[in-house]
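A.B. asks: Contents are compact mmCIF, C-alpha atoms and all ligand atoms; file name model-v9.txt:
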# COMPACT_ATOMS: atom_id res chain seq x y z
CA MET I 993 10.70 -27.29 17.96
CA THR I 994 6.93 -27.09 17.90
CA GLU I 995 5.00 -30.30 17.51
CA LYS I 996 3.39 -31.10 14.19
CA PRO I 997 -0.22 -29.90 14.54
CA THR I 998 -3.01 -32.44 14.52
CA PHE I 999 -6.68 -31.69 13.98
CA PRO I 1000 -8.17 -31.08 17.47
CA GLN I 1001 -10.16 -34.03 18.78
CA HIS I 1002 -11.89 -32.21 21.64
CA ARG I 1003 -13.36 -28.80 22.15
CA THR I 1004 -11.32 -26.05 23.78
CA SER I 1005 -13.11 -23.81 26.23
CA PRO I 1006 -13.70 -20.17 25.27
CA LYS I 1007 -11.79 -19.17 28.39
CA GLN I 1008 -8.76 -21.21 27.38
CA LEU I 1009 -8.90 -19.76 23.85
CA GLU I 1010 -9.19 -16.26 25.18
CA ASP I 1011 -6.16 -16.75 27.41
CA GLU I 1012 -4.11 -18.12 24.53
CA LEU I 1013 -5.21 -15.30 22.24
CA GLN I 1014 -4.34 -12.70 24.86
CA ASP I 1015 -0.88 -14.24 25.13
CA LEU I 1016 -0.41 -13.83 21.39
CA MET I 1017 -1.27 -10.14 21.41
CA LEU I 1018 1.58 -7.85 20.47
CA ASP I 1019 2.86 -5.33 22.96
CA GLU I 1020 0.73 -2.18 22.68
CA VAL I 1021 3.74 0.07 22.08
CA ARG I 1022 6.33 -2.15 20.39
CA GLY I 1023 3.72 -3.80 18.20
CA HIS I 1024 2.67 -0.43 16.82
CA TRP I 1025 4.42 -0.62 13.44
CA SER I 1026 3.05 -4.12 12.91
CA ARG I 1027 -0.47 -2.71 13.14
CA SER I 1028 0.00 0.10 10.67
CA PHE I 1029 -1.95 1.80 9.31
CA ARG I 1030 -4.48 3.01 11.84
CA GLY I 1031 -6.36 6.21 12.45
CA PRO I 1032 -6.81 7.76 15.89
CA PRO I 1033 -9.01 5.88 18.42
CA ASP I 1034 -12.26 7.60 17.37
CA VAL I 1035 -11.73 6.55 13.74
CA GLN I 1036 -10.89 3.02 14.83
CA ALA I 1037 -14.12 2.89 16.86
CA VAL I 1038 -16.28 4.02 13.92
CA ALA I 1039 -14.59 1.47 11.66
CA GLU I 1040 -14.92 -1.34 14.18
CA GLU I 1041 -18.63 -0.80 14.68
CA ALA I 1042 -19.40 -0.94 10.96
CA PHE I 1043 -17.01 -3.86 10.51
CA ASN I 1044 -18.67 -5.89 13.23
CA LEU I 1045 -22.22 -5.14 12.11
CA PHE I 1046 -21.59 -6.36 8.56
CA GLY I 1047 -18.65 -8.71 9.04
CA SER I 1048 -20.74 -11.82 8.37
CA ASP I 1049 -22.57 -10.43 5.33
CA ASN I 1050 -21.16 -11.77 2.09
CA GLY I 1051 -19.65 -9.22 -0.27
CA LEU I 1052 -19.98 -11.85 -3.00
CA PHE I 1053 -23.48 -10.50 -3.57
CA SER I 1054 -22.40 -6.92 -4.21
CA MET I 1055 -23.56 -7.05 -7.83
CA ARG I 1056 -26.98 -8.38 -6.76
CA ALA I 1057 -28.06 -7.34 -3.27
CA GLU I 1058 -29.19 -3.72 -3.44
CA TYR I 1059 -27.82 -2.58 -0.06
CA LEU I 1060 -24.35 -4.00 -0.83
CA ALA I 1061 -24.30 -2.69 -4.39
CA ARG I 1062 -25.22 0.78 -3.21
CA ILE I 1063 -22.66 0.97 -0.41
CA GLU I 1064 -19.81 -0.43 -2.49
CA THR I 1065 -20.61 1.93 -5.37
CA GLU I 1066 -20.72 4.85 -2.97
CA VAL I 1067 -17.28 3.94 -1.62
CA THR I 1068 -15.69 3.63 -5.06
CA GLY I 1069 -17.49 6.80 -6.23
CA MET I 1070 -16.15 8.82 -3.29
CA CYS I 1071 -12.64 7.51 -3.98
CA ALA I 1072 -12.77 8.16 -7.73
CA ALA I 1073 -13.82 11.77 -7.05
CA LEU I 1074 -10.80 12.27 -4.77
CA PHE I 1075 -8.36 11.45 -7.58
CA ASN I 1076 -9.78 14.00 -10.03
CA SER I 1077 -11.47 11.25 -11.98
CA PRO I 1078 -13.11 12.66 -15.11
CA GLU I 1079 -16.84 12.31 -15.81
CA GLY I 1080 -17.49 8.60 -16.33
CA GLY I 1081 -14.58 7.44 -14.18
CA ALA I 1082 -15.06 4.25 -12.19
CA GLY I 1083 -13.63 2.32 -9.28
CA THR I 1084 -13.31 -1.21 -7.89
CA LEU I 1085 -12.95 -2.16 -4.24
CA THR I 1086 -10.40 -4.91 -3.52
CA SER I 1087 -8.69 -6.67 -0.64
CA GLY I 1088 -5.39 -4.80 -0.89
CA GLY I 1089 -2.73 -3.28 -3.07
CA SER I 1090 -1.69 -6.66 -4.41
CA GLU I 1091 -5.21 -7.40 -5.66
CA SER I 1092 -5.63 -3.84 -7.01
CA ILE I 1093 -2.40 -4.21 -8.96
CA PHE I 1094 -3.42 -7.63 -10.24
CA CYS I 1095 -6.79 -6.26 -11.43
CA ALA I 1096 -5.17 -3.27 -13.15
CA LEU I 1097 -2.62 -5.41 -15.00
CA HIS I 1098 -5.30 -7.89 -15.98
CA ALA I 1099 -7.40 -5.08 -17.47
CA MET I 1100 -4.26 -3.73 -19.18
CA ARG I 1101 -3.65 -7.13 -20.77
CA GLU I 1102 -7.27 -7.45 -21.99
CA TRP I 1103 -7.21 -3.87 -23.33
CA ALA I 1104 -3.98 -4.65 -25.19
CA ARG I 1105 -5.60 -7.65 -26.90
CA ASP I 1106 -7.98 -5.12 -28.50
CA HIS I 1107 -5.61 -2.19 -28.95
CA LYS I 1108 -2.19 -3.72 -29.46
CA PRO I 1109 -2.73 -7.05 -31.24
CA GLN I 1110 0.89 -6.95 -32.46
CA ALA I 1111 2.04 -7.44 -28.84
CA THR I 1112 1.97 -11.24 -28.95
CA ALA I 1113 4.28 -11.68 -25.91
CA PRO I 1114 3.13 -8.71 -23.79
CA GLU I 1115 5.59 -6.80 -21.62
CA VAL I 1116 5.09 -4.20 -18.88
CA VAL I 1117 7.85 -1.63 -18.31
CA MET I 1118 8.34 -0.35 -14.76
CA PRO I 1119 11.09 1.22 -12.65
CA TYR I 1120 13.20 -1.04 -10.42
CA SER I 1121 11.49 0.49 -7.38
CA ALA I 1122 7.96 -0.66 -8.33
CA HIS I 1123 6.32 -2.92 -5.74
CA PRO I 1124 6.93 -6.69 -6.04
CA ALA I 1125 3.16 -7.15 -6.38
CA PHE I 1126 3.69 -6.13 -10.04
CA SER I 1127 6.08 -9.03 -10.60
CA LYS I 1128 3.65 -11.35 -8.89
CA ALA I 1129 0.71 -10.15 -11.00
CA CYS I 1130 2.76 -10.40 -14.19
CA HIS I 1131 3.69 -13.96 -13.27
CA TYR I 1132 0.04 -14.96 -12.80
CA LEU I 1133 -1.03 -13.14 -15.96
CA GLY I 1134 1.71 -14.40 -18.28
CA LEU I 1135 3.15 -10.90 -18.74
CA LYS I 1136 6.85 -10.17 -18.96
CA VAL I 1137 8.17 -7.74 -16.33
CA VAL I 1138 10.77 -5.28 -17.58
CA ARG I 1139 12.30 -3.38 -14.66
CA THR I 1140 14.47 -0.44 -15.68
CA PRO I 1141 17.35 1.22 -13.78
CA LEU I 1142 16.41 4.27 -11.71
CA GLY I 1143 17.77 7.75 -12.29
CA GLU I 1144 20.43 9.26 -10.02
CA ASP I 1145 17.61 10.69 -7.90
CA LEU I 1146 16.23 7.15 -7.38
CA ARG I 1147 13.07 8.01 -9.32
CA ALA I 1148 11.91 6.25 -12.49
CA SER I 1149 14.04 7.34 -15.43
CA PRO I 1150 11.81 8.18 -18.44
CA GLU I 1151 14.87 7.72 -20.70
CA GLN I 1152 15.55 4.22 -19.39
CA MET I 1153 11.88 3.34 -19.66
CA ALA I 1154 11.66 4.73 -23.21
CA ALA I 1155 14.68 2.64 -24.18
CA ALA I 1156 12.95 -0.50 -22.82
CA ILE I 1157 9.81 -0.11 -24.97
CA THR I 1158 9.46 -2.74 -27.71
CA PRO I 1159 6.59 -3.72 -30.03
CA ASN I 1160 5.54 -6.12 -27.26
CA THR I 1161 5.18 -3.39 -24.63
CA ILE I 1162 1.56 -2.91 -23.55
CA GLY I 1163 1.92 -0.62 -20.55
CA LEU I 1164 4.00 1.45 -18.15
CA VAL I 1165 3.95 1.67 -14.37
CA GLY I 1166 4.95 4.56 -12.11
CA SER I 1167 4.69 4.89 -8.33
CA ALA I 1168 3.26 7.81 -6.38
CA PRO I 1169 5.33 7.32 -4.30
CA CYS I 1170 7.25 4.01 -4.30
CA TRP I 1171 7.40 2.15 -1.00
CA PRO I 1172 11.15 1.79 -0.35
CA TYR I 1173 12.11 5.45 -0.80
CA GLY I 1174 8.84 7.39 -0.49
CA LEU I 1175 9.73 9.19 -3.75
CA TYR I 1176 7.36 10.08 -6.61
CA ASP I 1177 8.18 8.91 -10.10
CA PRO I 1178 7.81 11.62 -12.78
CA ILE I 1179 4.28 10.60 -13.75
CA GLU I 1180 3.82 13.48 -16.23
CA SER I 1181 6.89 12.38 -18.21
CA LEU I 1182 5.73 8.77 -18.11
CA GLY I 1183 2.36 10.05 -19.35
CA ALA I 1184 4.01 11.67 -22.36
CA LEU I 1185 5.83 8.41 -23.05
CA ALA I 1186 2.59 6.44 -22.77
CA GLU I 1187 0.86 8.80 -25.20
CA GLN I 1188 3.66 8.68 -27.76
CA ASN I 1189 3.61 4.89 -27.72
CA ASP I 1190 -0.12 4.29 -27.16
CA LEU I 1191 0.47 2.47 -23.86
CA TRP I 1192 -1.61 1.95 -20.74
CA LEU I 1193 -0.15 3.95 -17.82
CA HIS I 1194 -0.86 2.60 -14.35
CA VAL I 1195 0.00 4.70 -11.29
CA ASP I 1196 0.64 2.84 -8.05
CA ALA I 1197 -0.55 5.18 -5.32
CA CYS I 1198 -1.08 2.37 -2.81
CA VAL I 1199 0.77 4.15 -0.04
CA GLY I 1200 0.25 7.78 -1.07
CA GLY I 1201 -3.22 7.81 -2.60
CA TYR I 1202 -5.25 8.65 0.47
CA LEU I 1203 -2.71 11.08 1.92
CA ALA I 1204 -1.46 13.18 -0.99
CA PRO I 1205 -4.78 14.90 -1.85
CA PHE I 1206 -5.06 16.20 1.71
CA LEU I 1207 -1.45 17.32 1.94
CA GLU I 1208 -2.06 19.19 -1.31
CA ARG I 1209 -5.01 20.87 0.38
CA LEU I 1210 -2.60 21.98 3.11
CA GLY I 1211 -0.39 23.62 0.51
CA HIS I 1212 2.22 20.89 0.05
CA ARG I 1213 3.55 20.76 -3.46
CA LEU I 1214 3.68 17.27 -4.88
CA PRO I 1215 4.31 16.22 -8.46
CA LEU I 1216 1.12 15.58 -10.45
CA TRP I 1217 0.26 11.92 -10.24
CA ASP I 1218 -3.50 11.30 -10.57
CA PHE I 1219 -6.09 11.58 -13.38
CA ARG I 1220 -5.01 15.19 -13.92
CA VAL I 1221 -2.26 13.51 -15.96
CA GLY I 1222 -4.23 12.68 -19.10
CA ALA I 1223 -2.47 9.42 -19.95
CA VAL I 1224 -3.16 7.75 -16.59
CA LYS I 1225 -5.64 4.94 -17.20
CA SER I 1226 -5.68 3.29 -13.77
CA ILE I 1227 -4.56 4.00 -10.20
CA SER I 1228 -4.14 1.62 -7.27
CA ALA I 1229 -4.65 3.18 -3.83
CA ASP I 1230 -4.94 1.41 -0.48
CA LEU I 1231 -7.77 2.41 1.83
CA HIS I 1232 -6.06 0.32 4.50
CA LYS I 1233 -3.03 2.60 4.48
CA PHE I 1234 -3.67 6.35 4.83
CA GLY I 1235 -7.39 5.88 4.21
CA TYR I 1236 -7.32 4.54 7.82
CA CYS I 1237 -9.87 1.87 6.90
CA PRO I 1238 -9.54 -1.60 8.43
CA LYS I 1239 -7.74 -4.26 6.40
CA PRO I 1240 -8.40 -5.66 3.88
CA ALA I 1241 -9.42 -2.67 1.73
CA SER I 1242 -7.93 -1.11 -1.36
CA THR I 1243 -9.18 0.47 -4.58
CA VAL I 1244 -8.46 0.51 -8.29
CA LEU I 1245 -9.66 3.63 -10.05
CA TRP I 1246 -10.31 3.55 -13.79
CA ARG I 1247 -10.32 6.59 -16.06
CA SER I 1248 -13.52 5.38 -17.74
CA GLU I 1249 -16.31 2.82 -17.59
CA ASP I 1250 -14.89 1.34 -20.82
CA LEU I 1251 -11.57 0.58 -19.12
CA LEU I 1252 -13.41 -0.92 -16.14
CA GLN I 1253 -15.11 -3.35 -18.53
CA TYR I 1254 -11.71 -4.87 -19.35
CA HIS I 1255 -11.43 -5.81 -15.67
CA TYR I 1256 -14.57 -7.93 -15.61
CA VAL I 1257 -14.74 -11.65 -16.30
CA HIS I 1258 -18.26 -13.09 -16.44
CA PRO I 1259 -17.98 -16.87 -16.59
CA SER I 1260 -21.23 -18.81 -17.10
CA ASP I 1261 -19.91 -22.26 -18.03
CA TRP I 1262 -21.18 -24.10 -14.97
CA PRO I 1263 -24.60 -25.13 -13.69
CA GLY I 1264 -25.14 -21.91 -11.71
CA GLY I 1265 -25.25 -19.54 -14.69
CA MET I 1266 -23.48 -16.17 -14.86
CA TYR I 1267 -20.94 -15.73 -12.05
CA SER I 1268 -20.08 -12.03 -11.89
CA MET I 1269 -18.01 -10.43 -9.13
CA ARG I 1270 -16.90 -6.87 -8.62
CA GLY I 1271 -13.31 -7.90 -7.92
CA PHE I 1272 -11.22 -11.08 -8.00
CA ALA I 1273 -12.65 -12.59 -4.81
CA GLY I 1274 -15.77 -14.72 -4.52
CA SER I 1275 -17.01 -14.96 -0.94
CA ARG I 1276 -15.62 -12.14 1.16
CA SER I 1277 -16.60 -10.30 4.30
CA ALA I 1278 -18.71 -7.21 3.73
CA GLY I 1279 -17.15 -5.80 6.93
CA PRO I 1280 -14.35 -3.89 5.18
CA ILE I 1281 -16.79 -2.40 2.64
CA PHE I 1282 -19.09 -0.97 5.30
CA ALA I 1283 -16.17 0.07 7.48
CA ALA I 1284 -14.63 1.99 4.56
CA TRP I 1285 -17.98 3.63 3.85
CA ALA I 1286 -18.28 4.66 7.50
CA VAL I 1287 -14.70 5.95 7.84
CA LEU I 1288 -14.74 7.97 4.60
CA ARG I 1289 -17.96 9.68 5.66
CA TYR I 1290 -16.98 10.07 9.32
CA LEU I 1291 -13.80 11.91 8.37
CA GLY I 1292 -14.66 13.60 5.09
CA SER I 1293 -12.18 15.88 3.44
CA ASP I 1294 -11.98 18.11 6.53
CA GLY I 1295 -11.17 15.20 8.80
CA TYR I 1296 -8.57 13.70 6.50
CA THR I 1297 -6.93 17.10 6.05
CA LYS I 1298 -6.71 17.57 9.80
CA LEU I 1299 -5.17 14.12 10.20
CA ALA I 1300 -2.72 14.83 7.37
CA ALA I 1301 -1.51 17.93 9.23
CA GLN I 1302 -1.06 15.91 12.43
CA LEU I 1303 0.72 13.14 10.57
CA TRP I 1304 3.12 15.62 8.99
CA GLN I 1305 4.08 16.93 12.44
CA LYS I 1306 4.65 13.40 13.72
CA ARG I 1307 6.78 12.69 10.64
CA ARG I 1308 8.97 15.72 11.39
CA LYS I 1309 9.29 14.79 15.06
CA LEU I 1310 10.29 11.21 14.28
CA MET I 1311 12.73 12.24 11.53
CA ASP I 1312 14.37 14.86 13.76
CA GLY I 1313 14.68 12.27 16.50
CA ILE I 1314 16.31 9.80 14.11
CA ASN I 1315 18.73 12.47 12.90
CA ARG I 1316 19.79 13.16 16.49
CA ILE I 1317 21.00 9.55 16.85
CA PRO I 1318 24.68 9.51 15.87
CA GLY I 1319 25.22 7.62 12.63
CA LEU I 1320 21.61 7.72 11.41
CA HIS I 1321 20.16 9.88 8.68
CA ALA I 1322 16.46 10.15 7.76
CA TRP I 1323 15.82 10.99 4.13
CA GLU I 1324 13.91 14.13 3.20
CA ASN I 1325 11.66 12.15 0.86
CA ASP I 1326 8.37 13.26 -0.71
CA LEU I 1327 5.93 11.52 1.60
CA LEU I 1328 6.02 8.32 3.64
CA PRO I 1329 7.14 5.80 4.76
CA ILE I 1330 10.06 7.30 6.61
CA ALA I 1331 13.34 5.93 5.26
CA PHE I 1332 16.58 6.17 7.20
CA GLU I 1333 20.10 5.06 6.40
CA SER I 1334 23.39 4.71 8.19
CA ARG I 1335 26.89 5.04 6.83
CA GLN I 1336 28.43 3.88 10.11
CA VAL I 1337 26.47 0.93 11.42
CA ASP I 1338 25.01 -2.22 9.93
CA LEU I 1339 21.26 -1.66 9.51
CA GLY I 1340 20.71 -5.43 9.51
CA LEU I 1341 21.99 -5.58 13.09
CA ILE I 1342 19.78 -2.66 14.07
CA LYS I 1343 16.70 -4.27 12.55
CA ALA I 1344 17.50 -7.62 14.19
CA ASP I 1345 17.93 -6.01 17.60
CA LEU I 1346 14.72 -4.00 17.22
CA SER I 1347 12.76 -7.06 16.18
CA ARG I 1348 14.07 -8.98 19.21
CA ARG I 1349 12.55 -6.18 21.25
CA GLY I 1350 9.25 -6.51 19.36
CA TRP I 1351 9.55 -3.68 16.83
CA ILE I 1352 9.19 -5.32 13.42
CA LEU I 1353 10.50 -3.18 10.57
CA VAL I 1354 11.23 -3.77 6.92
CA GLY I 1355 13.68 -1.97 4.71
CA SER I 1356 15.50 -1.96 1.46
CA ALA I 1357 18.84 -3.42 0.43
CA GLU I 1358 19.70 -1.05 -2.42
CA PRO I 1359 20.65 1.26 -0.89
CA PRO I 1360 20.49 -0.08 2.68
CA LEU I 1361 17.52 1.61 4.37
CA VAL I 1362 15.02 0.99 7.12
CA ASN I 1363 11.38 1.99 6.53
CA ILE I 1364 9.02 3.12 9.27
CA PRO I 1365 5.31 2.86 8.49
CA LEU I 1366 4.37 5.89 10.57
CA ASP I 1367 0.63 6.47 10.93
CA VAL I 1368 -1.49 9.07 12.66
CA ALA I 1369 -2.26 6.67 15.54
CA THR I 1370 1.41 6.93 16.57
CA THR I 1371 1.50 8.80 19.88
CA ASP I 1372 4.34 10.92 21.24
CA ALA I 1373 4.96 8.21 23.84
CA ILE I 1374 5.42 5.60 21.10
CA ILE I 1375 7.77 7.88 19.16
CA GLU I 1376 9.85 8.54 22.27
CA GLN I 1377 10.12 4.91 23.30
CA PHE I 1378 10.96 3.88 19.75
CA LEU I 1379 13.72 6.51 19.45
CA ASP I 1380 15.10 5.42 22.79
CA GLU I 1381 15.31 1.77 21.79
CA LEU I 1382 16.57 2.65 18.32
CA ALA I 1383 19.44 4.60 19.90
CA GLN I 1384 20.25 1.57 22.06
CA ALA I 1385 20.15 -0.73 19.04
CA VAL I 1386 22.47 1.62 17.14
CA GLU I 1387 24.93 1.70 20.00
CA LEU I 1388 24.99 -2.10 20.20
CA ALA I 1389 25.29 -2.45 16.43
CA GLY I 1390 28.14 0.07 16.47
CA VAL I 1391 30.01 -2.02 19.00
CA SER I 1392 29.57 -5.21 16.98
CA THR I 1393 30.45 -3.44 13.72
CA MET I 1394 33.70 -2.27 15.30
CA GLN I 1395 34.41 -5.77 16.60
CA ALA I 1396 33.75 -7.20 13.14
CA GLU I 1397 36.23 -4.71 11.67
CA LYS I 1398 38.83 -5.68 14.24
CA LEU I 1399 38.34 -9.32 13.38
CA GLU I 1400 38.70 -8.59 9.70
CA TYR I 1401 41.97 -6.65 9.94
C1 LIG I 1501 1.54 -1.45 0.25
C2 LIG I 1501 1.89 -1.26 -1.16
C3 LIG I 1501 1.53 -2.20 -2.14
C4 LIG I 1501 0.89 -3.53 -1.81
O1 LIG I 1501 -0.25 -3.42 -1.06
P1 LIG I 1501 -0.80 -4.60 -0.13
O2 LIG I 1501 -2.04 -3.99 0.41
O3 LIG I 1501 0.25 -4.87 0.91
O4 LIG I 1501 -1.05 -5.79 -1.00
C5 LIG I 1501 1.83 -1.89 -3.44
N1 LIG I 1501 2.46 -0.75 -3.77
C6 LIG I 1501 2.84 0.16 -2.86
C7 LIG I 1501 3.53 1.42 -3.30
C8 LIG I 1501 2.56 -0.06 -1.52
O5 LIG I 1501 2.93 0.84 -0.61
The structure given in the file should be rewritten as structure tokens.
C.D. replies:
Amino acid sequence: MTEKPTFPQHRTSPKQLEDELQDLMLDEVRGHWSRSFRGPPDVQAVAEEAFNLFGSDNGLFSMRAEYLARIETEVTGMCAALFNSPEGGAGTLTSGGSESIFCALHAMREWARDHKPQATAPEVVMPYSAHPAFSKACHYLGLKVVRTPLGEDLRASPEQMAAAITPNTIGLVGSAPCWPYGLYDPIESLGALAEQNDLWLHVDACVGGYLAPFLERLGHRLPLWDFRVGAVKSISADLHKFGYCPKPASTVLWRSEDLLQYHYVHPSDWPGGMYSMRGFAGSRSAGPIFAAWAVLRYLGSDGYTKLAAQLWQKRRKLMDGINRIPGLHAWENDLLPIAFESRQVDLGLIKADLSRRGWILVGSAEPPLVNIPLDVATTDAIIEQFLDELAQAVELAGVSTMQAEKLEY
């Protein structure tokens, strides 16, 4: 039992603090998944320098201070261009996927007040696999979440989603790809559905957004998911995942300036006059904005494409290694994260054993899966040590699963 904290009476020496902080640091190898997503060391160094130089500047002023306005607009402009944004497309920088999703659903709700006044109790239809941030955002925004069963292939089922549309439906959501399975929803079919029913279509590319365009450049065939699908009105994409920018950094991309306007709230009912922010946050560090600007320009399309090729090799290596462990099977999904299952051993036991060793992993319950947030900073040494300890965890879990069976029968 830890003691109930009290507010410190006396100062603590920097040396003491440093020692305590060092003690808290995760193991360099086993803590790797907990630090996802990171670029290689040179990218981390570029990001860190920009982050530290501007970390104390206040991003709150990004609609007023010229230097902040310019840099933030350059970041969102670069990102919008990557997703085949049409002329007049726009972007918003946020603190993460959850905020991006919140902003997109808020704009969807405001748009629906203009375009779908008959929707008096607005509903958003999404596949079961959509990220929980959608449920959270809907809760805050007073929207009803309608999650529909997935198809046999575990992708969104356009038929199920069509059947869920009512006069109160204001929008649809699809993932590119979804987190638990790394599978793309059929965004083009959802686009057709959105057009037929005059609905807002949001694509959640939080995990895939800053990887897919570069894999496509390498010749990988992925389903269409971005603004090339005409019905897509907004996209969420996390810079702090495969954009390799330091947390917290994500983006919402809007098909047009008009749609972006539905995102803004400009309160002025207080003594300070008009209070306009680019995103949801008020005061925020400008560090992530400048770091994103630096990383995007440091890497450019060439750099990201090179990293995508490296990442794809690491993905293969890790998946092959998992498949060599008896009882485990890594899915051949569309992208990342890696998802593996086991028909023989209890994945809960494997995860618990790994986390005792310091490897923290999350997974899914339906079906039982473990996800690995592989990034390009993952070295061969990390992959090998992880596979080694995973094999040990599987062996132990196998023994206890067998014991449990014996006890049962
Ligand atoms: C990570 C992720 C989110 C949430 O992003 P945060 O940055 O963790 O808030 C939403 N959707 C998908 C598909 C994601 O992978």
A.B. asks: Counting only C-alpha atoms and all ligand atoms, which protein, DNA or RNA residues come within 10 Å of ligand LIG 1501 (chain I), given as a compact mmCIF listing (two decimals) with C-alpha atoms, in the coordinates of the input?
C.D. replies:
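Saved result, out.txt, follows:
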# COMPACT_ATOMS: atom_id res chain seq x y z
CA THR I 1086 -10.40 -4.91 -3.52
CA SER I 1087 -8.69 -6.67 -0.64
CA GLY I 1088 -5.39 -4.80 -0.89
CA GLY I 1089 -2.73 -3.28 -3.07
CA SER I 1090 -1.69 -6.66 -4.41
CA GLU I 1091 -5.21 -7.40 -5.66
CA SER I 1092 -5.63 -3.84 -7.01
CA ILE I 1093 -2.40 -4.21 -8.96
CA PHE I 1094 -3.42 -7.63 -10.24
CA SER I 1121 11.49 0.49 -7.38
CA ALA I 1122 7.96 -0.66 -8.33
CA HIS I 1123 6.32 -2.92 -5.74
CA PRO I 1124 6.93 -6.69 -6.04
CA ALA I 1125 3.16 -7.15 -6.38
CA PHE I 1126 3.69 -6.13 -10.04
CA GLY I 1166 4.95 4.56 -12.11
CA SER I 1167 4.69 4.89 -8.33
CA ALA I 1168 3.26 7.81 -6.38
CA PRO I 1169 5.33 7.32 -4.30
CA CYS I 1170 7.25 4.01 -4.30
CA TRP I 1171 7.40 2.15 -1.00
CA PRO I 1172 11.15 1.79 -0.35
CA TYR I 1173 12.11 5.45 -0.80
CA GLY I 1174 8.84 7.39 -0.49
CA LEU I 1175 9.73 9.19 -3.75
CA VAL I 1195 0.00 4.70 -11.29
CA ASP I 1196 0.64 2.84 -8.05
CA ALA I 1197 -0.55 5.18 -5.32
CA CYS I 1198 -1.08 2.37 -2.81
CA VAL I 1199 0.77 4.15 -0.04
CA GLY I 1200 0.25 7.78 -1.07
CA GLY I 1201 -3.22 7.81 -2.60
CA SER I 1228 -4.14 1.62 -7.27
CA ALA I 1229 -4.65 3.18 -3.83
CA ASP I 1230 -4.94 1.41 -0.48
CA LEU I 1231 -7.77 2.41 1.83
CA HIS I 1232 -6.06 0.32 4.50
CA LYS I 1233 -3.03 2.60 4.48
CA LYS I 1239 -7.74 -4.26 6.40
CA PRO I 1240 -8.40 -5.66 3.88
CA ALA I 1241 -9.42 -2.67 1.73
CA SER I 1242 -7.93 -1.11 -1.36
CA THR I 1243 -9.18 0.47 -4.58
CA LEU I 1328 6.02 8.32 3.64
CA PRO I 1329 7.14 5.80 4.76
CA PRO I 1365 5.31 2.86 8.49
A.B. asks: Which residue, I:Met1311, I:Ala1273, I:Leu1251, I:Ala1389, has the smallest gap to Glu1324 (chain I) when you use all atoms listed in the file?
C.D. replies: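 Looking at the shortest contact to Glu1324 (chain I), the residue is I:Met1311.
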A.B. asks: Provide the CA of Ala1204 (chain I) to CA of Arg1307 (chain I) distance in Å, to one decimal place.
C.D. replies: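 Between CA of Ala1204 (chain I) and CA of Arg1307 (chain I) the gap is 14.3 Å.
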A.B. asks: If I put a ball of radius 7 Å at (-10.4, 6.0, 4.9) in the file's coordinates, which residues poke into it when counting all atoms listed in the file, written as a PDB file with C-alpha atoms, in the coordinates of the input?
C.D. replies:
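File selection.pdb, as written:
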ATOM      1  CA  LEU I1231      -7.770   2.410   1.830  1.00  0.00           C
ATOM      2  CA  PHE I1234      -3.670   6.350   4.830  1.00  0.00           C
ATOM      3  CA  GLY I1235      -7.390   5.880   4.210  1.00  0.00           C
ATOM      4  CA  TYR I1236      -7.320   4.540   7.820  1.00  0.00           C
ATOM      5  CA  CYS I1237      -9.870   1.870   6.900  1.00  0.00           C
ATOM      6  CA  ALA I1284     -14.630   1.990   4.560  1.00  0.00           C
ATOM      7  CA  VAL I1287     -14.700   5.950   7.840  1.00  0.00           C
ATOM      8  CA  LEU I1288     -14.740   7.970   4.600  1.00  0.00           C
TER       9      LEU I1288
END
A.B. asks: Between CA of Glu1333 (chain I) and CA of Gly1355 (chain I), what is the distance in Å, rounded to a tenth?
C.D. replies: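 Computing the Euclidean distance for CA of Glu1333 (chain I) and CA of Gly1355 (chain I) yields 9.7 Å.
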A.B. asks: With 7 Å as the threshold, what does the neighbourhood of (-17.9, -1.9, 0.0) contain in terms of residues, counting only C-alpha atoms? Coordinates are those of the file; answer as a ChimeraX atom specification.
C.D. replies: /I:1060,1063-1064,1067,1085,1278,1280-1282,1284-1285
A.B. asks: Could you please determine the separation between CA of Ala1331 (chain I) and CA of Tyr1296 (chain I) in Å, to one decimal place?
C.D. replies: 23.3 Å
A.B. asks: Measuring atom to atom with only C-alpha atoms, identify which of I:Lys1298, I:Arg1003, I:His1255, I:Arg1105 is nearest to Pro1032 (chain I).
C.D. replies: I:Lys1298
A.B. asks: List the spatial neighbours of Trp1192 (chain I) as JSON, numbers by chain - criterion: any atom at most 12 Å away, all atoms listed in the file, same-chain residues fewer than 2 positions off excluded.
C.D. replies: {"I": [1096, 1097, 1098, 1099, 1100, 1101, 1102, 1103, 1104, 1107, 1108, 1115, 1116, 1117, 1118, 1161, 1162, 1163, 1164, 1165, 1166, 1182, 1183, 1184, 1185, 1186, 1187, 1188, 1189, 1190, 1194, 1195, 1222, 1223, 1224, 1225, 1226, 1227, 1246, 1247, 1251]}
A.B. asks: Excluding Gln1377 (chain I) and its own-chain neighbours fewer than 6 positions away, which residues fall within 12 Å of it when counting all atoms listed in the file? Please give them as a PyMOL selection string.
C.D. replies: chain I and resi 1020-1024+1310+1313+1346+1349+1351+1370-1371+1383-1384
